[in-house]
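> Got a structure for you, final_13.txt, holding compact mmCIF, C-alpha atoms.
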```txt
# COMPACT_ATOMS: atom_id res chain seq x y z
CA MET A 599 106.00 213.04 -0.50
CA SER A 600 102.82 211.42 -1.75
CA ILE A 601 102.01 207.71 -2.10
CA ASP A 602 99.03 206.67 -4.22
CA ARG A 603 97.62 203.15 -4.02
CA THR A 604 94.28 204.10 -5.58
CA GLN A 605 92.76 201.05 -7.28
CA THR A 606 89.38 202.34 -8.41
CA ALA A 607 87.86 205.61 -9.58
CA ALA A 608 85.79 205.77 -6.41
CA LEU A 609 88.91 205.99 -4.27
CA ALA A 610 90.12 208.96 -6.27
CA LYS A 611 87.23 211.18 -5.14
CA ALA A 612 87.66 214.03 -2.71
CA PRO A 613 87.96 212.66 0.84
CA ASN A 614 84.66 211.40 2.14
CA GLU A 615 82.65 213.44 -0.34
CA ASP A 616 79.88 210.87 -0.28
CA ALA A 617 79.62 211.12 3.51
CA GLY A 618 79.57 214.91 3.44
CA ILE A 619 82.27 215.38 6.12
CA PRO A 620 84.48 218.22 4.85
CA GLY A 621 88.21 217.79 5.28
CA ALA A 622 88.03 214.25 6.66
CA ALA A 623 88.82 210.84 5.23
CA MET A 624 87.71 207.36 6.24
CA ALA A 625 90.38 204.78 7.03
CA THR A 626 89.58 201.07 7.08
CA LEU A 627 92.06 199.17 9.26
CA VAL A 628 92.96 195.55 8.61
CA PRO A 629 92.74 193.19 10.52
CA GLY A 630 89.27 193.69 11.96
CA LEU A 631 87.91 195.95 9.20
CA ARG A 632 87.57 198.76 11.77
CA LYS A 633 86.60 202.09 10.17
CA ILE A 634 87.74 205.42 11.65
CA ALA A 635 87.51 209.06 10.58
CA VAL A 636 90.80 210.91 10.06
CA ALA A 637 90.56 214.70 10.32
CA SER A 638 92.35 217.00 7.90
CA GLY A 639 96.01 217.28 8.92
CA GLN A 640 95.75 214.30 11.29
CA THR A 641 97.93 211.22 10.89
CA LEU A 642 96.56 207.71 10.67
CA LEU A 643 98.21 206.79 13.96
CA ALA A 644 96.79 209.78 15.82
CA ALA A 645 93.28 209.03 14.53
CA ALA A 646 93.57 205.35 15.51
CA LEU A 647 94.77 206.18 19.02
CA ASP A 648 92.01 208.78 19.41
CA ALA A 649 89.52 206.04 18.49
CA GLY A 650 90.86 203.81 21.26
CA ILE A 651 92.65 201.39 18.93
CA ASP A 652 95.88 199.86 20.23
CA TYR A 653 97.77 200.51 17.00
CA PRO A 654 101.41 199.30 17.13
CA HIS A 655 103.73 202.31 17.47
CA GLY A 656 106.75 203.71 19.26
CA CYS A 657 108.31 207.13 18.69
CA LYS A 658 105.37 208.75 16.84
CA ALA A 659 107.95 210.75 14.87
CA GLY A 660 108.98 208.55 11.92
CA ARG A 661 112.18 207.25 13.51
CA CYS A 662 111.53 203.72 14.86
CA GLY A 663 109.37 201.98 12.22
CA ASN A 664 107.10 200.26 14.76
CA CYS A 665 103.97 201.64 13.08
CA LYS A 666 105.00 200.42 9.63
CA SER A 667 101.87 199.47 7.68
CA ARG A 668 100.75 198.50 4.20
CA LEU A 669 98.69 200.97 2.18
CA VAL A 670 96.27 198.64 0.41
CA SER A 671 94.34 201.36 -1.41
CA GLY A 672 93.94 205.11 -1.46
CA LYS A 673 96.42 208.00 -1.26
CA VAL A 674 98.50 209.43 1.60
CA GLU A 675 101.13 212.10 2.05
CA LEU A 676 104.13 210.96 4.06
CA LEU A 677 105.75 213.47 6.39
CA GLU A 678 109.51 213.48 7.02
CA HIS A 679 110.91 210.22 8.38
CA THR A 680 114.21 208.33 8.61
CA ARG A 681 115.34 205.72 6.08
CA PHE A 682 115.83 203.32 8.98
CA ALA A 683 112.12 203.55 9.77
CA LEU A 684 111.01 203.25 6.14
CA SER A 685 113.32 202.74 3.16
CA ALA A 686 112.70 203.91 -0.40
CA GLU A 687 112.33 200.25 -1.43
CA GLU A 688 109.64 199.71 1.18
CA ARG A 689 107.77 202.83 0.04
CA GLU A 690 107.86 201.54 -3.53
CA ALA A 691 106.41 198.25 -2.28
CA GLY A 692 103.43 200.07 -0.73
CA LEU A 693 104.53 200.37 2.92
CA ILE A 694 103.95 203.53 4.96
CA LEU A 695 104.44 204.81 8.51
CA ALA A 696 101.10 205.41 10.23
CA CYS A 697 102.62 208.16 12.38
CA ARG A 698 103.71 210.08 9.26
CA ALA A 699 100.77 209.33 6.94
CA LEU A 700 98.20 212.04 6.14
CA PRO A 701 95.31 210.52 4.14
CA LYS A 702 94.44 212.41 0.95
CA SER A 703 91.51 210.10 0.12
CA ASP A 704 89.64 207.27 1.78
CA VAL A 705 92.24 204.59 2.52
CA ARG A 706 92.53 200.94 3.46
CA VAL A 707 95.53 200.11 5.64
CA ALA A 708 96.90 196.84 7.04
CA TRP A 709 99.09 197.23 10.08
CA LEU A 710 102.11 194.98 10.41
CA GLY A 711 103.35 195.35 13.97
CA ASP A 712 105.99 192.86 15.11
CA GLU A 713 105.35 190.07 12.63
CA GLU A 714 107.34 187.50 14.53
CA THR A 715 105.10 187.83 17.60
CA LEU A 716 101.92 188.61 15.69
CA PRO A 717 99.31 187.42 15.02
CA ALA A 718 97.83 187.81 18.48
CA HIS A 719 94.34 186.71 17.55
CA PRO A 720 92.30 185.50 20.53
CA LEU A 721 91.87 181.77 20.83
CA VAL A 722 88.20 181.03 20.18
CA ARG A 723 86.23 177.86 20.89
CA THR A 724 82.84 177.70 19.25
CA GLY A 725 80.35 175.43 17.57
CA ALA A 726 80.27 175.35 13.80
CA GLU A 727 77.60 174.20 11.35
CA VAL A 728 78.44 172.21 8.24
CA VAL A 729 77.49 174.25 5.18
CA SER A 730 78.73 171.84 2.52
CA VAL A 731 81.08 168.96 1.78
CA GLU A 732 82.20 168.87 -1.86
CA GLU A 733 84.46 166.52 -3.78
CA ALA A 734 87.73 168.08 -4.91
CA THR A 735 89.55 164.88 -5.93
CA HIS A 736 89.08 161.14 -5.41
CA ASP A 737 90.39 161.48 -1.82
CA ILE A 738 90.06 165.18 -0.90
CA ARG A 739 86.85 166.89 0.21
CA ILE A 740 86.28 170.61 0.64
CA LEU A 741 84.55 171.19 3.97
CA ARG A 742 82.82 174.51 4.62
CA LEU A 743 81.72 175.52 8.11
CA ARG A 744 79.83 178.50 9.54
CA PRO A 745 81.09 179.38 13.05
CA LYS A 746 78.26 180.04 15.49
CA ARG A 747 80.02 183.08 16.94
CA GLY A 748 80.42 184.74 13.56
CA PRO A 749 83.52 185.28 11.39
CA MET A 750 86.79 184.12 12.97
CA MET A 751 89.79 186.44 12.87
CA PHE A 752 93.03 184.70 11.92
CA SER A 753 96.05 185.23 9.71
CA ALA A 754 96.26 183.52 6.32
CA GLY A 755 98.11 180.23 6.74
CA GLN A 756 96.86 179.40 10.24
CA TYR A 757 94.77 176.40 11.30
CA VAL A 758 92.13 175.37 13.83
CA THR A 759 91.37 172.21 15.77
CA LEU A 760 88.20 170.38 14.70
CA ALA A 761 86.38 168.11 17.14
CA LEU A 762 83.63 165.71 16.09
CA PRO A 763 81.52 163.96 18.75
CA GLY A 764 83.17 160.78 20.00
CA LEU A 765 86.37 161.28 17.99
CA PRO A 766 89.79 162.72 18.85
CA PRO A 767 90.41 166.34 17.76
CA ARG A 768 92.42 167.02 14.60
CA ASP A 769 94.05 170.12 13.12
CA TYR A 770 93.12 171.48 9.68
CA SER A 771 94.30 174.63 7.93
CA MET A 772 91.91 177.31 6.70
CA ALA A 773 91.76 177.81 2.94
CA SER A 774 89.42 180.79 3.25
CA ARG A 775 90.33 184.45 3.67
CA PRO A 776 90.53 185.81 7.23
CA GLY A 777 87.26 187.28 8.47
CA GLU A 778 84.97 185.53 6.00
CA ASP A 779 81.62 184.17 7.17
CA ILE A 780 82.48 180.64 6.02
CA LEU A 781 85.61 178.67 6.93
CA GLU A 782 86.93 176.36 4.21
CA PHE A 783 89.10 173.27 4.80
CA HIS A 784 90.64 170.67 2.46
CA VAL A 785 90.50 167.23 4.07
CA ARG A 786 92.28 164.23 2.58
CA LEU A 787 90.92 160.77 3.34
CA VAL A 788 93.68 159.05 5.30
CA PRO A 789 93.82 155.24 5.01
CA LYS A 790 92.17 153.79 8.13
CA GLY A 791 91.71 157.33 9.45
CA ARG A 792 88.55 157.54 11.56
CA VAL A 793 88.42 161.33 11.72
CA SER A 794 89.03 162.03 8.05
CA ALA A 795 86.45 159.36 7.12
CA ALA A 796 83.93 160.99 9.45
CA VAL A 797 84.62 164.42 7.93
CA HIS A 798 84.06 163.02 4.44
CA SER A 799 80.69 161.67 5.61
CA LEU A 800 79.40 164.94 7.12
CA VAL A 801 76.22 166.47 5.71
CA PRO A 802 74.92 170.06 5.80
CA GLY A 803 73.39 171.03 9.12
CA GLU A 804 75.58 168.80 11.30
CA LEU A 805 77.45 170.45 14.16
CA LEU A 806 81.02 170.14 15.36
CA GLU A 807 83.38 172.22 17.49
CA ILE A 808 86.36 174.30 16.40
CA GLU A 809 89.12 175.96 18.40
CA GLY A 810 91.74 178.38 17.11
CA PRO A 811 93.43 179.99 15.39
CA ARG A 812 96.87 178.45 15.79
CA GLY A 813 100.09 178.28 13.81
CA SER A 814 102.93 180.60 12.89
CA ALA A 815 103.37 179.69 9.20
CA HIS A 816 101.23 182.69 8.29
CA LEU A 817 101.57 185.45 5.72
CA ARG A 818 104.12 188.18 6.53
CA PRO A 819 102.66 191.29 4.83
CA GLY A 820 105.80 193.32 5.55
CA HIS A 821 107.99 191.20 3.28
CA THR A 822 108.70 193.14 0.08
CA GLY A 823 110.90 190.66 -1.80
CA PRO A 824 109.82 187.84 -4.13
CA ILE A 825 107.64 185.04 -2.78
CA LEU A 826 107.76 181.28 -3.36
CA ALA A 827 104.71 179.19 -2.42
CA VAL A 828 104.81 175.38 -2.59
CA ALA A 829 101.85 173.12 -1.80
CA GLY A 830 101.76 169.35 -1.66
CA GLY A 831 98.31 167.74 -2.00
CA SER A 832 95.83 169.19 0.51
CA GLY A 833 98.62 171.54 1.61
CA LEU A 834 97.00 173.77 -0.99
CA ALA A 835 94.58 174.94 1.74
CA PRO A 836 96.87 177.33 3.69
CA VAL A 837 98.79 178.25 0.53
CA GLN A 838 95.51 179.23 -1.15
CA ALA A 839 94.63 181.46 1.81
CA ILE A 840 98.07 183.09 1.75
CA LEU A 841 97.93 183.79 -1.98
CA ALA A 842 94.39 185.20 -1.85
CA SER A 843 95.33 187.43 1.08
CA LEU A 844 98.50 188.81 -0.49
CA VAL A 845 96.54 189.70 -3.62
CA ASP A 846 93.85 191.40 -1.51
CA LEU A 847 96.54 193.35 0.37
CA GLY A 848 98.07 194.68 -2.83
CA MET A 849 101.39 192.85 -2.48
CA ARG A 850 102.63 193.11 -6.07
CA GLN A 851 106.08 191.54 -5.88
CA LEU A 852 106.97 188.52 -8.03
CA VAL A 853 105.23 185.33 -6.81
CA ARG A 854 105.98 181.79 -7.98
CA VAL A 855 103.62 178.96 -7.03
CA TYR A 856 104.24 175.21 -7.33
CA LEU A 857 101.65 172.46 -6.77
CA GLY A 858 103.12 169.04 -6.11
CA VAL A 859 100.83 166.01 -6.61
CA ARG A 860 101.23 162.39 -7.70
CA GLU A 861 98.94 162.12 -10.70
CA GLU A 862 96.66 164.38 -12.72
CA ARG A 863 93.63 163.08 -10.80
CA ASP A 864 95.17 164.57 -7.62
CA LEU A 865 95.32 168.07 -9.08
CA TYR A 866 92.61 170.50 -7.99
CA GLY A 867 92.10 174.23 -7.34
CA LEU A 868 94.11 175.21 -10.39
CA GLU A 869 91.48 177.47 -11.94
CA ALA A 870 91.10 179.48 -8.73
CA LEU A 871 94.86 179.94 -8.49
CA GLN A 872 95.09 181.04 -12.09
CA ALA A 873 92.35 183.59 -11.43
CA LEU A 874 94.41 184.96 -8.53
CA ALA A 875 97.46 185.07 -10.81
CA ARG A 876 95.56 187.17 -13.34
CA ARG A 877 94.49 189.60 -10.61
CA HIS A 878 98.03 189.83 -9.29
CA GLY A 879 99.88 190.32 -12.56
CA ASP A 880 103.24 188.74 -11.68
CA MET A 881 102.21 185.37 -10.25
CA ARG A 882 102.98 182.12 -12.07
CA VAL A 883 101.40 178.76 -11.12
CA THR A 884 103.20 175.51 -12.00
CA PRO A 885 101.70 172.05 -11.32
CA VAL A 886 104.28 169.27 -10.92
CA LEU A 887 103.27 165.58 -11.13
CA SER A 888 105.63 163.08 -9.52
CA MET A 889 103.97 160.22 -11.44
CA GLY A 890 102.85 162.29 -14.39
CA GLN A 891 102.50 160.97 -17.91
CA PRO A 892 104.31 162.67 -20.82
CA ASP A 893 100.99 163.67 -22.40
CA SER A 894 99.54 165.27 -19.25
CA GLY A 895 100.59 168.77 -20.27
CA HIS A 896 102.21 169.35 -16.86
CA ARG A 897 105.74 169.16 -15.47
CA SER A 898 106.78 165.75 -14.22
CA GLY A 899 109.12 164.89 -11.36
CA PHE A 900 109.34 166.01 -7.75
CA VAL A 901 108.24 169.52 -6.87
CA HIS A 902 111.50 170.46 -5.12
CA GLU A 903 113.40 169.48 -8.28
CA ALA A 904 111.24 171.85 -10.32
CA VAL A 905 111.96 174.64 -7.83
CA ARG A 906 115.70 173.92 -8.00
CA ALA A 907 115.68 174.01 -11.81
CA ASP A 908 113.63 177.19 -12.08
CA LEU A 909 114.91 179.23 -9.13
CA PRO A 910 118.62 178.66 -8.48
CA GLY A 911 118.95 181.87 -6.46
CA LEU A 912 116.51 182.64 -3.62
CA LYS A 913 118.37 185.29 -1.64
CA GLY A 914 115.86 187.88 -0.47
CA TRP A 915 112.86 185.63 -1.13
CA SER A 916 110.24 184.39 1.33
CA CYS A 917 108.89 180.83 1.08
CA TYR A 918 105.53 179.50 2.27
CA THR A 919 105.02 175.76 2.03
CA ALA A 920 102.58 173.13 3.28
CA GLY A 921 102.41 169.41 2.67
CA PRO A 922 103.77 166.02 3.76
CA PRO A 923 107.05 165.77 5.71
CA ALA A 924 109.09 164.22 2.86
CA MET A 925 108.21 167.10 0.54
CA ILE A 926 108.94 169.72 3.21
CA ASP A 927 112.29 168.11 4.03
CA ALA A 928 113.39 168.00 0.39
CA LEU A 929 112.18 171.53 -0.29
CA THR A 930 113.91 172.87 2.84
CA GLU A 931 117.26 171.52 1.69
CA THR A 932 116.68 172.93 -1.80
CA VAL A 933 115.68 176.47 -0.84
CA LEU A 934 118.35 176.89 1.83
CA ALA A 935 121.00 175.77 -0.66
CA ALA A 936 119.65 178.42 -3.04
CA GLY A 937 120.29 181.18 -0.52
CA LEU A 938 116.93 181.51 1.28
CA ARG A 939 117.31 182.63 4.89
CA ARG A 940 115.98 180.06 7.33
CA SER A 941 113.91 182.78 9.01
CA ASP A 942 112.15 183.38 5.67
CA LEU A 943 110.98 179.76 5.41
CA HIS A 944 107.47 179.27 6.80
CA ALA A 945 106.44 175.62 6.69
CA ASP A 946 103.24 173.84 7.71
CA VAL A 947 103.92 170.11 7.95
CA PHE A 948 100.98 167.76 7.37
CA PHE A 949 101.59 164.54 9.28
CA THR A 950 99.78 161.33 8.31
CA PRO A 951 99.82 157.78 9.71
CA GLU A 952 102.54 156.95 7.20
CA GLY A 953 104.82 159.51 8.81
CA ARG A 954 103.52 159.53 12.38
CA SER A 955 101.66 156.42 13.41
CA GLY A 956 98.05 156.77 14.48
CA GLN A 957 97.74 160.52 14.07
CA ASP A 958 95.22 160.60 11.23
CA GLY A 959 96.68 163.60 9.48
CA LYS A 960 97.17 165.68 12.62
CA LYS A 961 99.75 168.45 12.40
CA LEU A 962 102.26 169.43 15.04
CA ALA A 963 101.68 172.79 16.74
CA GLY A 964 105.27 173.90 16.03
CA ASP A 965 104.85 174.35 12.31
CA VAL A 966 107.79 176.62 11.48
CA ILE A 967 111.02 174.92 10.45
CA PRO A 968 113.46 175.77 13.29
```
Is it possible to give me this structure as C-alpha cells?


Amino acid sequence: MSIDRTQTAALAKAPNEDAGIPGAAMATLVPGLRKIAVASGQTLLAAALDAGIDYPHGCKAGRCGNCKSRLVSGKVELLEHTRFALSAEEREAGLILACRALPKSDVRVAWLGDEETLPAHPLVRTGAEVVSVEEATHDIRILRLRPKRGPMMFSAGQYVTLALPGLPPRDYSMASRPGEDILEFHVRLVPKGRVSAAVHSLVPGELLEIEGPRGSAHLRPGHTGPILAVAGGSGLAPVQAILASLVDLGMRQLVRVYLGVREERDLYGLEALQALARRHGDMRVTPVLSMGQPDSGHRSGFVHEAVRADLPGLKGWSCYTAGPPAMIDALTETVLAAGLRRSDLHADVFFTPEGRSGQDGKKLAGDVIP
C-alpha cells in the first residue's frame, strides 16, 4: 500500500538523489524541524529512535496507533497494520503509522502523539525585542517581537504571558506560525487598560519579557473531519495561527471560517485569510457584522446566528474559537445543539474589564470549555 502526499516536482525525485546517498531518504519531523536519514527498508519510527528522538509509539507493529502521524509531503509505503490503528478514512486524510511507513521519497511528517496531553513544549522565559507595532484597526495593533533565545516552539492556538516593566503581566495569543523567528500578537486597546495602552505605545527596539507557551485550545492535527473556526475581534490571532498551520500541514478537509466584529472598521486580516483559503482549496471565510449596514457587502447579525443558519449539523466537526465571553457562550450553545461533541470544542476566552473587572484583557489559563 502506497500513500503519496507529493506537493512539488522536487519531492518526486529519487530518494535523496541530490545528497548522493543511495537508497536513503531524508525525513523532516514536525515539530522541531528535525531532519533524519531513513535507510532503505527502514521505517520512519525505527530511524527516529535510532537518531535518539523520543517519537511517540507503542507496539511497533501497526496494532496500537500510538505512532499515528500526518504525512505532510512526500511518498511512503505502508506495511500491514490493523484498522483499529489506522482506518481507511484516516489514510485518505493523510495519516500514517510511523512504525509501518517506508519512505519512497524525501518526506515531511508531523507526529500527533496523545493530542489531549500534548503539546508538551517546555515553558520558556526570555526577553523579547519589539520589531514593529502596526495599526490593524482603530483599536487593534499588531505587535511583533523577536525572542532573544530564538524561535519559540508552541502549538498553533497557544498564548504567552507578556510583562512590561512596572506593569502587571498579561496573556496574549500568538498569531504567527510555530517556530517562526518573529512572534505576532493582536492587541486591542481596552478602555482604561494600562497594559494595552502601553503595548500600543511601544516602539521598535524596546524590550519586554515573555513566558510560555500556555493554553490547550490548540490545533489537533489528527482530526480528519470538517473544521469550524470562529473569531471575535482580536480573537483572530489564535484562529489565524491555527488556519495557517493546518494549511501548512496539508489538512485538506472542509474548513468554514467566521469573523465576528461590530462594524466594518473593526474588520481586519481578511486578505490574509482569503489567501490561505485559496491555498487550501475548501476553506470559506465569512465576515459577520453585528452592527453592519445593508450596503457593507457583508453578512449582518451575530456570528453565532450565521453559524446556526449555515451549519445546522455539526456532528463529526471540530470547532476552534476565540473572542469575548458573550460570543463564546452563544456559540457554545449553538454548536452543541447542532451535534458538535463537547470534546471537539476548543475555546480561547478573551476577558476584558467589561466581563472581568480590572483584568485588562487578561485570559484565564483554563481556556477549554469544560

> Quick one: distance from atom CA of Glu809 of chain A to atom CA of Met772 of chain A in Å, one decimal?

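Computing it gives 12.1 Å between the two atoms.
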
> Quick one: everything within 9 Å of segment 626-643 of chain A, counting all atoms listed in the file, minus sequence neighbours fewer than 2 positions away in the same chain. Send it as a PyMOL selection string.

chain A and resi 620-624+645-649+653-655+658+665+695-702+704-709+751-753+776-777

> Which residue out of A:Asn664, A:Thr822, A:Ser671, A:Thr932 has the minimum interatomic distance to Asp846 of chain A when all atoms listed in the file are used?

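Of the candidates, the smallest distance to Asp846 of chain A is held by A:Ser671.
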
> Please report as JSON lines every residue of segment 819-847 of chain A lying within 10 Å of segment 779-789 of chain A, along with the nearest atom pair and their distance in Å (one decimal), using all atoms listed in the file.


```
{"residue": "A:Gly831", "atom": "CA", "partner": "A:Arg786", "partner_atom": "CA", "distance": 8.3}
{"residue": "A:Ser832", "atom": "CA", "partner": "A:His784", "partner_atom": "CA", "distance": 5.7}
{"residue": "A:Gly833", "atom": "CA", "partner": "A:His784", "partner_atom": "CA", "distance": 8.1}
{"residue": "A:Leu834", "atom": "CA", "partner": "A:His784", "partner_atom": "CA", "distance": 7.9}
{"residue": "A:Ala835", "atom": "CA", "partner": "A:His784", "partner_atom": "CA", "distance": 5.9}
{"residue": "A:Pro836", "atom": "CA", "partner": "A:Phe783", "partner_atom": "CA", "distance": 8.8}
{"residue": "A:Ala839", "atom": "CA", "partner": "A:Glu782", "partner_atom": "CA", "distance": 9.5}
```

> For segment 802-808 of chain A, find every residue with an atom within 6 Å (counting all atoms listed in the file), except residues of its own chain fewer than 5 positions away, and show them as a ChimeraX atom specification.

/A:723-730,759-762

> Nearest residue to Gly755 of chain A out of A:Ala686, A:Ala644, A:Leu847, A:Leu841, using only C-alpha atoms?

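Of all the options, A:Leu841 lies closest to Gly755 of chain A.
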
> Taking (115.7, 203.6, 7.7) in the file's coordinates, which residues come within 12 Å, counting all atoms listed in the file, written as a compact mmCIF listing (two decimals) with C-alpha atoms, keeping the file's coordinate frame?


```txt
# COMPACT_ATOMS: atom_id res chain seq x y z
CA GLY A 660 108.98 208.55 11.92
CA ARG A 661 112.18 207.25 13.51
CA CYS A 662 111.53 203.72 14.86
CA GLY A 663 109.37 201.98 12.22
CA ASN A 664 107.10 200.26 14.76
CA LYS A 666 105.00 200.42 9.63
CA GLU A 678 109.51 213.48 7.02
CA HIS A 679 110.91 210.22 8.38
CA THR A 680 114.21 208.33 8.61
CA ARG A 681 115.34 205.72 6.08
CA PHE A 682 115.83 203.32 8.98
CA ALA A 683 112.12 203.55 9.77
CA LEU A 684 111.01 203.25 6.14
CA SER A 685 113.32 202.74 3.16
CA ALA A 686 112.70 203.91 -0.40
CA GLU A 687 112.33 200.25 -1.43
CA GLU A 688 109.64 199.71 1.18
CA ARG A 689 107.77 202.83 0.04
CA LEU A 695 104.44 204.81 8.51
```

> Would you mind reading off the distance between atom CA of Val731 of chain A and atom CA of Gly748 of chain A, one decimal, in Å?

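Atom-to-atom, atom CA of Val731 of chain A and atom CA of Gly748 of chain A are spaced 19.7 Å apart.
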
> Please indicate the distance in Å from atom CA of Glu778 of chain A to atom CA of Val845 of chain A, rounded to one decimal place.

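Interatomic distance here is 15.6 Å.
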
> Give me the residues within 10 Å of Pro910 of chain A as a ChimeraX atom specification, counting only C-alpha atoms and dropping any in the same chain fewer than 3 places off.

/A:905-907,913,932-933,935-937

> For Leu868 of chain A, please output as a list in words all residues within 10 Å (counting only C-alpha atoms; exclusion window: fewer than 3 positions along the same chain).

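Listing them by chain and then by number gives Leu834, Leu857, Leu865, Leu871, Gln872, Ala873, Leu874, Val883, Thr884 and Pro885 of chain A.
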
> So that I can see what lies close to Arg897 of chain A, please list as an MDAnalysis selection string the residues with an atom at most 9 Å from it, counting all atoms listed in the file and leaving out residues fewer than 5 positions away in the same chain.

chainID A and resid 884:888 890 892 904
